[in-house]
>>> print(open('data.pdb').read())   # PDB, C-alpha atoms and all ligand atoms
ATOM      1  CA  MET Y   1     149.859  69.343  54.220
ATOM      2  CA  LYS Y   2     146.486  69.589  55.954
ATOM      3  CA  LYS Y   3     147.510  72.925  57.438
ATOM      4  CA  ASN Y   4     148.319  74.335  53.990
ATOM      5  CA  VAL Y   5     144.941  73.306  52.653
ATOM      6  CA  LEU Y   6     143.246  74.973  55.619
ATOM      7  CA  ILE Y   7     145.165  78.218  55.144
ATOM      8  CA  PHE Y   8     144.379  78.170  51.425
ATOM      9  CA  SER Y   9     140.642  77.666  52.116
ATOM     10  CA  LEU Y  10     140.604  80.432  54.724
ATOM     11  CA  THR Y  11     142.305  82.769  52.263
ATOM     12  CA  LEU Y  12     139.641  81.976  49.670
ATOM     13  CA  ILE Y  13     136.849  82.603  52.175
ATOM     14  CA  LEU Y  14     138.389  85.909  53.260
ATOM     15  CA  PHE Y  15     138.944  86.914  49.653
ATOM     16  CA  ALA Y  16     135.347  86.049  48.765
ATOM     17  CA  CYS Y  17     133.956  88.038  51.725
ATOM     18  CA  GLY Y  18     136.078  91.038  50.831
ATOM     19  CA  SER Y  19     135.067  91.179  47.188
ATOM     20  CA  ASP Y  20     131.368  90.509  47.875
ATOM     21  CA  SER Y  21     131.027  93.407  50.271
ATOM     22  CA  GLY Y  22     132.837  95.593  47.728
ATOM     23  CA  GLN Y  23     130.242  94.844  45.047
ATOM     24  CA  GLN Y  24     127.122  95.218  47.204
ATOM     25  CA  ASP Y  25     127.988  98.352  49.138
ATOM     26  CA  ASP Y  26     127.752 101.478  46.997
ATOM     27  CA  ARG Y  27     128.339 104.008  49.777
ATOM     28  CA  PHE Y  28     131.230 106.488  49.488
ATOM     29  CA  TYR Y  29     134.292 104.296  50.060
ATOM     30  CA  VAL Y  30     137.103 105.536  52.302
ATOM     31  CA  VAL Y  31     140.347 103.600  52.666
ATOM     32  CA  THR Y  32     142.671 104.640  55.489
ATOM     33  CA  THR Y  33     146.185 103.459  56.231
ATOM     34  CA  THR Y  34     145.990 103.181  60.051
ATOM     35  CA  MET Y  35     143.172 102.089  62.360
ATOM     36  CA  MET Y  36     143.363 105.429  64.196
ATOM     37  CA  LEU Y  37     142.249 107.157  60.995
ATOM     38  CA  GLU Y  38     139.575 104.520  60.354
ATOM     39  CA  ASP Y  39     138.210 105.154  63.855
ATOM     40  CA  ALA Y  40     138.145 108.924  63.249
ATOM     41  CA  VAL Y  41     136.135 108.457  60.032
ATOM     42  CA  GLN Y  42     133.827 105.994  61.797
ATOM     43  CA  ASN Y  43     133.080 108.560  64.506
ATOM     44  CA  ILE Y  44     132.551 111.420  62.069
ATOM     45  CA  ALA Y  45     130.718 109.750  59.216
ATOM     46  CA  GLY Y  46     129.333 106.607  60.880
ATOM     47  CA  ASP Y  47     127.091 104.743  58.469
ATOM     48  CA  LEU Y  48     127.296 107.386  55.742
ATOM     49  CA  VAL Y  49     130.449 105.852  54.325
ATOM     50  CA  ARG Y  50     132.172 102.502  54.102
ATOM     51  CA  VAL Y  51     135.582 102.761  55.732
ATOM     52  CA  GLU Y  52     138.411 100.248  55.987
ATOM     53  CA  SER Y  53     142.004 100.571  57.132
ATOM     54  CA  ILE Y  54     144.670  98.594  55.365
ATOM     55  CA  MET Y  55     146.766  98.070  58.529
ATOM     56  CA  GLY Y  56     145.260  96.036  61.365
ATOM     57  CA  PRO Y  57     146.186  95.541  65.023
ATOM     58  CA  GLY Y  58     149.894  95.059  65.755
ATOM     59  CA  VAL Y  59     151.027  96.280  62.326
ATOM     60  CA  ASP Y  60     154.022  98.635  62.194
ATOM     61  CA  PRO Y  61     153.279 101.511  59.773
ATOM     62  CA  HIS Y  62     156.971 102.426  59.378
ATOM     63  CA  LEU Y  63     157.711  99.048  57.792
ATOM     64  CA  TYR Y  64     154.390  98.222  56.106
ATOM     65  CA  ARG Y  65     154.401  97.507  52.371
ATOM     66  CA  ALA Y  66     151.212  97.449  50.297
ATOM     67  CA  THR Y  67     149.848  94.024  49.304
ATOM     68  CA  PRO Y  68     148.040  93.357  45.989
ATOM     69  CA  SER Y  69     144.687  93.619  47.801
ATOM     70  CA  ASP Y  70     145.712  97.008  49.265
ATOM     71  CA  PHE Y  71     146.476  98.273  45.753
ATOM     72  CA  ARG Y  72     143.049  97.063  44.640
ATOM     73  CA  ARG Y  73     141.293  98.742  47.559
ATOM     74  CA  MET Y  74     143.154 102.021  47.007
ATOM     75  CA  GLU Y  75     142.189 101.969  43.335
ATOM     76  CA  GLN Y  76     138.515 101.445  44.242
ATOM     77  CA  ALA Y  77     138.488 104.083  46.997
ATOM     78  CA  ASP Y  78     136.675 107.402  46.610
ATOM     79  CA  LEU Y  79     139.035 108.867  49.197
ATOM     80  CA  ILE Y  80     142.289 107.572  50.724
ATOM     81  CA  ILE Y  81     143.206 109.027  54.120
ATOM     82  CA  TYR Y  82     146.749 108.546  55.393
ATOM     83  CA  ASN Y  83     148.721 110.041  58.270
ATOM     84  CA  GLY Y  84     151.544 111.536  56.226
ATOM     85  CA  LEU Y  85     154.715 113.130  57.685
ATOM     86  CA  MET Y  86     156.445 110.009  56.329
ATOM     87  CA  LEU Y  87     154.808 107.672  58.864
ATOM     88  CA  GLU Y  88     153.901 105.275  56.070
ATOM     89  CA  ALA Y  89     157.409 105.432  54.605
ATOM     90  CA  ARG Y  90     157.080 102.377  52.365
ATOM     91  CA  LEU Y  91     153.699 103.427  50.986
ATOM     92  CA  ALA Y  92     154.990 106.833  49.867
ATOM     93  CA  GLN Y  93     155.273 105.806  46.243
ATOM     94  CA  VAL Y  94     151.824 104.248  45.900
ATOM     95  CA  LEU Y  95     150.236 107.178  47.776
ATOM     96  CA  SER Y  96     151.913 109.654  45.447
ATOM     97  CA  GLN Y  97     150.469 107.741  42.465
ATOM     98  CA  GLN Y  98     146.988 108.238  43.995
ATOM     99  CA  SER Y  99     147.616 111.874  44.922
ATOM    100  CA  GLU Y 100     144.376 113.265  43.475
ATOM    101  CA  ARG Y 101     142.326 111.034  45.826
ATOM    102  CA  ALA Y 102     144.732 110.849  48.787
ATOM    103  CA  PHE Y 103     144.591 113.126  51.840
ATOM    104  CA  ALA Y 104     147.441 113.388  54.383
ATOM    105  CA  ALA Y 105     145.414 114.046  57.539
ATOM    106  CA  ALA Y 106     148.271 114.911  59.937
ATOM    107  CA  GLU Y 107     149.643 117.403  57.446
ATOM    108  CA  VAL Y 108     146.745 119.788  58.221
ATOM    109  CA  LEU Y 109     148.710 120.710  61.374
ATOM    110  CA  SER Y 110     150.848 123.831  61.033
ATOM    111  CA  ASN Y 111     154.597 123.223  61.203
ATOM    112  CA  ASP Y 112     155.029 125.191  64.429
ATOM    113  CA  ARG Y 113     152.948 122.573  66.279
ATOM    114  CA  LEU Y 114     155.091 119.700  64.994
ATOM    115  CA  ILE Y 115     158.299 118.339  66.511
ATOM    116  CA  GLU Y 116     161.243 118.742  64.161
ATOM    117  CA  ALA Y 117     163.162 115.520  63.643
ATOM    118  CA  PHE Y 118     166.444 116.021  61.834
ATOM    119  CA  GLU Y 119     167.494 112.419  62.432
ATOM    120  CA  PHE Y 120     164.288 111.303  60.675
ATOM    121  CA  GLY Y 121     165.387 112.474  57.241
ATOM    122  CA  GLY Y 122     164.756 116.145  58.086
ATOM    123  CA  ASN Y 123     161.038 115.469  58.516
ATOM    124  CA  TYR Y 124     158.677 116.085  61.404
ATOM    125  CA  ASP Y 125     157.747 113.499  64.022
ATOM    126  CA  PRO Y 126     154.696 111.721  62.531
ATOM    127  CA  HIS Y 127     153.223 110.343  65.830
ATOM    128  CA  VAL Y 128     150.761 113.224  66.316
ATOM    129  CA  TRP Y 129     147.866 111.069  67.632
ATOM    130  CA  PHE Y 130     149.269 110.909  71.188
ATOM    131  CA  ASP Y 131     148.665 114.591  71.862
ATOM    132  CA  VAL Y 132     144.866 114.497  71.904
ATOM    133  CA  SER Y 133     144.724 118.267  71.222
ATOM    134  CA  LEU Y 134     146.610 117.707  67.941
ATOM    135  CA  TRP Y 135     144.400 114.739  67.079
ATOM    136  CA  ILE Y 136     141.348 116.982  67.557
ATOM    137  CA  ASP Y 137     142.618 119.157  64.695
ATOM    138  CA  VAL Y 138     143.330 116.098  62.564
ATOM    139  CA  VAL Y 139     139.761 114.861  63.186
ATOM    140  CA  ASP Y 140     138.460 118.322  62.302
ATOM    141  CA  GLY Y 141     140.512 118.289  59.076
ATOM    142  CA  ILE Y 142     139.034 114.906  58.131
ATOM    143  CA  ALA Y 143     135.518 116.269  58.827
ATOM    144  CA  VAL Y 144     136.149 119.242  56.519
ATOM    145  CA  LYS Y 145     137.437 116.903  53.807
ATOM    146  CA  LEU Y 146     134.458 114.528  54.119
ATOM    147  CA  SER Y 147     131.975 117.444  54.082
ATOM    148  CA  GLU Y 148     133.501 118.718  50.849
ATOM    149  CA  ARG Y 149     133.228 115.300  49.259
ATOM    150  CA  LEU Y 150     129.728 114.553  50.630
ATOM    151  CA  PRO Y 151     127.955 117.935  50.494
ATOM    152  CA  ASP Y 152     124.501 116.355  51.012
ATOM    153  CA  TYR Y 153     125.602 115.079  54.424
ATOM    154  CA  SER Y 154     127.719 118.039  55.387
ATOM    155  CA  GLU Y 155     125.482 119.150  58.285
ATOM    156  CA  GLN Y 156     125.394 115.687  59.816
ATOM    157  CA  ILE Y 157     129.146 115.256  59.454
ATOM    158  CA  LYS Y 158     129.792 118.585  61.178
ATOM    159  CA  GLU Y 159     127.416 117.690  64.014
ATOM    160  CA  ASN Y 160     129.013 114.253  64.528
ATOM    161  CA  ALA Y 161     132.473 115.804  64.462
ATOM    162  CA  SER Y 162     131.615 118.411  67.049
ATOM    163  CA  ASP Y 163     130.089 115.759  69.403
ATOM    164  CA  TYR Y 164     133.167 113.573  69.014
ATOM    165  CA  ILE Y 165     135.578 116.486  69.460
ATOM    166  CA  ARG Y 166     133.792 117.373  72.719
ATOM    167  CA  GLU Y 167     134.610 113.850  73.982
ATOM    168  CA  LEU Y 168     138.219 114.268  72.845
ATOM    169  CA  HIS Y 169     138.570 117.531  74.817
ATOM    170  CA  GLU Y 170     137.455 115.656  77.944
ATOM    171  CA  LEU Y 171     139.936 112.888  77.167
ATOM    172  CA  HIS Y 172     142.752 115.443  76.775
ATOM    173  CA  GLU Y 173     142.108 116.889  80.243
ATOM    174  CA  TRP Y 174     141.742 113.444  81.820
ATOM    175  CA  VAL Y 175     145.100 112.296  80.395
ATOM    176  CA  TYR Y 176     146.836 115.403  81.750
ATOM    177  CA  ASP Y 177     145.425 114.941  85.266
ATOM    178  CA  GLU Y 178     146.202 111.218  85.341
ATOM    179  CA  ILE Y 179     149.822 111.659  84.259
ATOM    180  CA  GLN Y 180     150.372 114.422  86.855
ATOM    181  CA  SER Y 181     149.336 111.895  89.546
ATOM    182  CA  ILE Y 182     152.642 110.028  88.959
ATOM    183  CA  PRO Y 183     155.369 111.310  91.360
ATOM    184  CA  GLU Y 184     157.662 113.631  89.436
ATOM    185  CA  ASN Y 185     160.853 111.593  89.924
ATOM    186  CA  ARG Y 186     159.159 108.542  88.389
ATOM    187  CA  ARG Y 187     157.379 110.374  85.576
ATOM    188  CA  VAL Y 188     159.524 108.824  82.817
ATOM    189  CA  LEU Y 189     158.103 106.763  79.960
ATOM    190  CA  ILE Y 190     160.620 104.364  78.393
ATOM    191  CA  THR Y 191     159.317 102.404  75.405
ATOM    192  CA  ALA Y 192     160.595 100.446  72.407
ATOM    193  CA  HIS Y 193     160.683 103.364  69.955
ATOM    194  CA  ASP Y 194     160.139 107.127  69.992
ATOM    195  CA  ALA Y 195     156.371 107.157  69.424
ATOM    196  CA  PHE Y 196     155.488 109.223  72.500
ATOM    197  CA  GLN Y 197     157.294 112.579  72.056
ATOM    198  CA  TYR Y 198     154.050 114.511  71.496
ATOM    199  CA  PHE Y 199     152.526 112.669  74.455
ATOM    200  CA  GLY Y 200     155.479 113.717  76.645
ATOM    201  CA  LEU Y 201     155.276 117.341  75.584
ATOM    202  CA  ALA Y 202     151.503 117.621  76.041
ATOM    203  CA  TYR Y 203     151.231 115.749  79.330
ATOM    204  CA  ASN Y 204     154.458 116.711  81.071
ATOM    205  CA  ILE Y 205     156.219 113.346  81.198
ATOM    206  CA  ASP Y 206     159.839 112.638  80.190
ATOM    207  CA  VAL Y 207     159.782 110.251  77.229
ATOM    208  CA  ARG Y 208     162.614 108.071  75.926
ATOM    209  CA  GLY Y 209     162.494 105.489  73.151
ATOM    210  CA  LEU Y 210     165.051 102.716  72.766
ATOM    211  CA  GLN Y 211     164.849 103.129  68.999
ATOM    212  CA  GLY Y 212     164.422 106.442  67.199
ATOM    213  CA  LEU Y 213     161.306 107.819  65.533
ATOM    214  CA  SER Y 214     161.204 104.986  63.044
ATOM    215  CA  THR Y 215     161.607 101.267  63.712
ATOM    216  CA  GLN Y 216     163.641 100.887  60.512
ATOM    217  CA  SER Y 217     167.017 101.087  62.273
ATOM    218  CA  GLU Y 218     168.352  98.274  64.495
ATOM    219  CA  VAL Y 219     168.700  98.790  68.239
ATOM    220  CA  GLY Y 220     172.432  99.155  68.979
ATOM    221  CA  LEU Y 221     174.261  97.688  71.975
ATOM    222  CA  ARG Y 222     175.313 101.185  72.939
ATOM    223  CA  ASP Y 223     171.680 102.367  72.990
ATOM    224  CA  ILE Y 224     170.815  99.507  75.352
ATOM    225  CA  SER Y 225     173.839 100.137  77.557
ATOM    226  CA  ASN Y 226     173.181 103.913  77.829
ATOM    227  CA  MET Y 227     169.513 103.402  78.615
ATOM    228  CA  ALA Y 228     170.278 100.641  81.182
ATOM    229  CA  GLY Y 229     172.689 103.034  82.931
ATOM    230  CA  PHE Y 230     170.009 105.736  82.988
ATOM    231  CA  ILE Y 231     167.432 103.366  84.512
ATOM    232  CA  VAL Y 232     169.842 102.176  87.236
ATOM    233  CA  ASP Y 233     170.822 105.778  88.100
ATOM    234  CA  THR Y 234     167.273 107.121  88.216
ATOM    235  CA  GLN Y 235     165.588 103.948  89.609
ATOM    236  CA  ILE Y 236     162.709 104.170  87.146
ATOM    237  CA  PRO Y 237     160.430 101.283  88.231
ATOM    238  CA  ALA Y 238     159.037 100.111  84.873
ATOM    239  CA  ILE Y 239     159.501 100.152  81.104
ATOM    240  CA  PHE Y 240     157.019  99.287  78.368
ATOM    241  CA  LEU Y 241     156.601  97.106  75.291
ATOM    242  CA  GLU Y 242     154.668  98.297  72.233
ATOM    243  CA  THR Y 243     152.183  96.059  70.394
ATOM    244  CA  SER Y 244     153.597  96.919  66.968
ATOM    245  CA  VAL Y 245     157.302  96.463  67.826
ATOM    246  CA  PRO Y 246     159.042  93.110  68.559
ATOM    247  CA  PRO Y 247     159.892  92.726  72.306
ATOM    248  CA  ARG Y 248     163.608  91.928  71.739
ATOM    249  CA  GLY Y 249     164.996  95.402  72.474
ATOM    250  CA  ILE Y 250     163.035  95.930  75.692
ATOM    251  CA  GLN Y 251     163.971  92.413  76.911
ATOM    252  CA  SER Y 252     167.667  93.146  76.272
ATOM    253  CA  LEU Y 253     167.251  96.388  78.204
ATOM    254  CA  ILE Y 254     165.816  94.564  81.245
ATOM    255  CA  ASN Y 255     168.794  92.141  81.099
ATOM    256  CA  GLY Y 256     171.159  95.121  80.829
ATOM    257  CA  VAL Y 257     169.658  96.713  83.945
ATOM    258  CA  ASN Y 258     169.922  93.401  85.862
ATOM    259  CA  GLN Y 259     173.567  92.972  84.815
ATOM    260  CA  ARG Y 260     174.310  96.372  86.335
ATOM    261  CA  GLY Y 261     172.795  95.252  89.634
ATOM    262  CA  GLY Y 262     169.615  97.264  89.139
ATOM    263  CA  SER Y 263     166.072  96.113  88.625
ATOM    264  CA  VAL Y 264     163.220  97.290  86.447
ATOM    265  CA  SER Y 265     159.909  95.614  85.744
ATOM    266  CA  LEU Y 266     157.905  95.291  82.585
ATOM    267  CA  GLY Y 267     155.063  97.791  82.969
ATOM    268  CA  GLY Y 268     152.981  96.156  80.259
ATOM    269  CA  GLU Y 269     152.357  96.601  76.562
ATOM    270  CA  LEU Y 270     151.253  99.945  75.104
ATOM    271  CA  TYR Y 271     149.447 100.657  71.865
ATOM    272  CA  SER Y 272     151.750 103.017  70.012
ATOM    273  CA  ASP Y 273     151.529 102.895  66.215
ATOM    274  CA  ALA Y 274     148.625 100.409  66.066
ATOM    275  CA  MET Y 275     145.414  99.995  68.054
ATOM    276  CA  GLY Y 276     143.825  96.908  69.634
ATOM    277  CA  GLU Y 277     141.557  94.334  67.980
ATOM    278  CA  ARG Y 278     138.420  95.643  66.278
ATOM    279  CA  GLY Y 279     135.350  95.322  68.472
ATOM    280  CA  THR Y 280     137.319  95.801  71.717
ATOM    281  CA  THR Y 281     137.688  99.011  73.745
ATOM    282  CA  GLU Y 282     141.367  99.212  72.801
ATOM    283  CA  GLY Y 283     140.314  98.976  69.161
ATOM    284  CA  THR Y 284     139.006 102.567  69.418
ATOM    285  CA  TYR Y 285     141.134 105.702  69.661
ATOM    286  CA  ILE Y 286     139.636 106.823  72.988
ATOM    287  CA  GLY Y 287     139.850 103.313  74.462
ATOM    288  CA  MET Y 288     143.456 102.915  73.332
ATOM    289  CA  VAL Y 289     144.523 106.215  74.936
ATOM    290  CA  GLN Y 290     142.718 105.317  78.184
ATOM    291  CA  PHE Y 291     144.297 101.861  78.229
ATOM    292  CA  ASN Y 292     147.792 103.303  77.719
ATOM    293  CA  VAL Y 293     147.364 105.942  80.403
ATOM    294  CA  ASN Y 294     145.974 103.453  82.950
ATOM    295  CA  THR Y 295     148.863 101.058  82.206
ATOM    296  CA  ILE Y 296     151.487 103.818  82.548
ATOM    297  CA  VAL Y 297     150.027 105.264  85.755
ATOM    298  CA  GLU Y 298     149.685 101.848  87.410
ATOM    299  CA  ALA Y 299     153.264 100.817  86.608
ATOM    300  CA  LEU Y 300     154.979 104.093  87.572
ATOM    301  CA  GLN Y 301     153.016 105.011  90.733
TER     302      GLN Y 301
HETATM  303 ZN    ZN X 401     156.353 104.888  65.225
END
>>> encode(input="data.pdb", output="structure tokens", more="lines below")
Ligand SMILES: [Zn+2]
Amino acid sequence: MKKNVLIFSLTLILFACGSDSGQQDDRFYVVTTTMMLEDAVQNIAGDLVRVESIMGPGVDPHLYRATPSDFRRMEQADLIIYNGLMLEARLAQVLSQQSERAFAAAEVLSNDRLIEAFEFGGNYDPHVWFDVSLWIDVVDGIAVKLSERLPDYSEQIKENASDYIRELHELHEWVYDEIQSIPENRRVLITAHDAFQYFGLAYNIDVRGLQGLSTQSEVGLRDISNMAGFIVDTQIPAIFLETSVPPRGIQSLINGVNQRGGSVSLGGELYSDAMGERGTTEGTYIGMVQFNVNTIVEALQ
């Protein structure tokens, strides 16, 4: 009983904070779906805009459904930025209703740079943020969009974007060098779902997800058995959890490897479709990529 009252009060406080800031802040209001996009806007437009993402840490964008407060925020937004390529599958309808104010940032990439995914409803793989060179073009696309909408600040936006993109180029090279430091026979990244295909292609590492491109399907026993056999045969030392996917599948995989007389350790938890807590290093795009790469390199060395 007491607990319910507490939760109710907290909800009221949160609700009050949210609506107050909405009334007092008259800056251009950007609502993004993921935190990666929020971080991009933050780096490009800083204090010029108010930006909020509707999905927080640990939230799976494939399965996310809009809440009443999300609908309200999207209605109030001057610009809605979403990933697109069907990442936010269950928001497709609401985003299409807001089409005149909504911008699919990953869809600025030309089709020949995208990975075709026939098993994903004939769409392209939406996880473009893990090839930093693709993300650079997404960031640039967001900068162009924001400049159009905020012509008075266009110079500043372009300058911020070019500073940030310079940092991203450095990050791209660093990731490549770090991943090449893993011995070739152990350069295999096995995670809960197929979020790292672009990462694998860009940084020369074999990538395998226990689930497909989306987390909507269940992990089958056959998937676990095939992957366990692969791990025993190749003696891959570690596999990885993802913060936005329940650990069940990866735990079953470790059991499967043990049952076959092999052994594999848990290399840690990677940020795949969601970033870390706001205010932490892993709550930024650059920090998240660095954290993932350090975790992968340490576990596979
Ligand atoms: Zn995903």
>>> residues_near_ligand(input="data.pdb", ligand="ligand ZN 401 (chain X)", cutoff="6 Å", atoms="only C-alpha atoms and all ligand atoms", output="ChimeraX atom specification")
/Y:195,213-214,273
>>> write_last_selection(input="data.pdb", atoms="C-alpha atoms", output="mmCIF file, in the frame of the given file")
data_model
loop_
_atom_site.group_PDB
_atom_site.id
_atom_site.type_symbol
_atom_site.label_atom_id
_atom_site.label_comp_id
_atom_site.auth_asym_id
_atom_site.auth_seq_id
_atom_site.Cartn_x
_atom_site.Cartn_y
_atom_site.Cartn_z
ATOM 1 C CA ALA Y 195 156.371 107.157 69.424
ATOM 2 C CA LEU Y 213 161.306 107.819 65.533
ATOM 3 C CA SER Y 214 161.204 104.986 63.044
ATOM 4 C CA ASP Y 273 151.529 102.895 66.215
#
>>> resolve_selection(input="data.pdb", expression="the PyMOL selection byres (((chain Y and resi 202) around 12) and not hetatm)", output="mmCIF file with C-alpha atoms, keeping the file's coordinate frame")
data_model
loop_
_atom_site.group_PDB
_atom_site.id
_atom_site.type_symbol
_atom_site.label_atom_id
_atom_site.label_comp_id
_atom_site.auth_asym_id
_atom_site.auth_seq_id
_atom_site.Cartn_x
_atom_site.Cartn_y
_atom_site.Cartn_z
ATOM 1 C CA ARG Y 113 152.948 122.573 66.279
ATOM 2 C CA LEU Y 114 155.091 119.700 64.994
ATOM 3 C CA ILE Y 115 158.299 118.339 66.511
ATOM 4 C CA VAL Y 128 150.761 113.224 66.316
ATOM 5 C CA TRP Y 129 147.866 111.069 67.632
ATOM 6 C CA PHE Y 130 149.269 110.909 71.188
ATOM 7 C CA ASP Y 131 148.665 114.591 71.862
ATOM 8 C CA VAL Y 132 144.866 114.497 71.904
ATOM 9 C CA SER Y 133 144.724 118.267 71.222
ATOM 10 C CA LEU Y 134 146.610 117.707 67.941
ATOM 11 C CA TRP Y 135 144.400 114.739 67.079
ATOM 12 C CA HIS Y 172 142.752 115.443 76.775
ATOM 13 C CA GLU Y 173 142.108 116.889 80.243
ATOM 14 C CA VAL Y 175 145.100 112.296 80.395
ATOM 15 C CA TYR Y 176 146.836 115.403 81.750
ATOM 16 C CA ASP Y 177 145.425 114.941 85.266
ATOM 17 C CA ILE Y 179 149.822 111.659 84.259
ATOM 18 C CA GLN Y 180 150.372 114.422 86.855
ATOM 19 C CA PHE Y 196 155.488 109.223 72.500
ATOM 20 C CA GLN Y 197 157.294 112.579 72.056
ATOM 21 C CA TYR Y 198 154.050 114.511 71.496
ATOM 22 C CA PHE Y 199 152.526 112.669 74.455
ATOM 23 C CA GLY Y 200 155.479 113.717 76.645
ATOM 24 C CA LEU Y 201 155.276 117.341 75.584
ATOM 25 C CA TYR Y 203 151.231 115.749 79.330
ATOM 26 C CA ASN Y 204 154.458 116.711 81.071
ATOM 27 C CA ILE Y 205 156.219 113.346 81.198
ATOM 28 C CA ASP Y 206 159.839 112.638 80.190
ATOM 29 C CA VAL Y 207 159.782 110.251 77.229
#
>>> atom_distance(input="data.pdb", atom1="atom CA of Gly268 of chain Y", atom2="atom CA of Gln251 of chain Y")
12.1 Å
>>> resolve_selection(input="data.pdb", expression="the PyMOL selection byres (((chain Y and resi 226-235) around 9) and not hetatm)", output="PyMOL selection string")
chain Y and resi 185-186+190+208+210+221-225+236-238+253-258+260-264
>>> atom_distance(input="data.pdb", atom1="atom CA of Leu189 of chain Y", atom2="atom CA of Ile296 of chain Y")
7.7 Å
>>> resolve_selection(input="data.pdb", expression="the PyMOL selection byres (((chain Y and resi 154-166) around 9) and not hetatm)", output="JSON, numbers by chain")
{"Y": [40, 43, 44, 45, 46, 48, 136, 137, 139, 140, 143, 144, 146, 147, 148, 149, 150, 151, 152, 153, 167, 168, 169, 170, 171]}
>>> residues_around(input="data.pdb", residues="Tyr64 of chain Y", least_positions_apart="3", cutoff="9 Å", atoms="all atoms listed in the file", output="ChimeraX atom specification")
/Y:55,59-61,88-91
>>> atom_distance(input="data.pdb", atom1="atom CA of Thr191 of chain Y", atom2="atom CA of Gly220 of chain Y")
15.0 Å
>>> residues_around(input="data.pdb", residues="Tyr29 of chain Y", least_positions_apart="2", cutoff="7 Å", atoms="all atoms listed in the file", output="PDB file with C-alpha atoms, in the coordinates of the input")
ATOM      1  CA  ARG Y  27     128.339 104.008  49.777  1.00  0.00           C
ATOM      2  CA  VAL Y  31     140.347 103.600  52.666  1.00  0.00           C
ATOM      3  CA  VAL Y  49     130.449 105.852  54.325  1.00  0.00           C
ATOM      4  CA  ARG Y  50     132.172 102.502  54.102  1.00  0.00           C
ATOM      5  CA  VAL Y  51     135.582 102.761  55.732  1.00  0.00           C
ATOM      6  CA  ALA Y  77     138.488 104.083  46.997  1.00  0.00           C
ATOM      7  CA  ASP Y  78     136.675 107.402  46.610  1.00  0.00           C
ATOM      8  CA  LEU Y  79     139.035 108.867  49.197  1.00  0.00           C
TER       9      LEU Y  79
END
>>> closest_residue(input="data.pdb", among="Y:Gln42, Y:Asn123, Y:Thr34, Y:Thr67", to="Asn83 of chain Y", atoms="only C-alpha atoms")
Y:Thr34
>>> closest_residue(input="data.pdb", among="Y:Ser96, Y:Asp125, Y:Ala117, Y:Leu270", to="Ala192 of chain Y", atoms="only C-alpha atoms")
Y:Leu270
>>> closest_residue(input="data.pdb", among="Y:Leu266, Y:Ile250, Y:Ala106, Y:Val293", to="Val219 of chain Y", atoms="only C-alpha atoms")
Y:Ile250
>>> residues_near_point(input="data.pdb", point="(155.3, 109.5, 61.8)", cutoff="6 Å", atoms="all atoms listed in the file", output="PyMOL selection string")
chain Y and resi 85-87+125-127
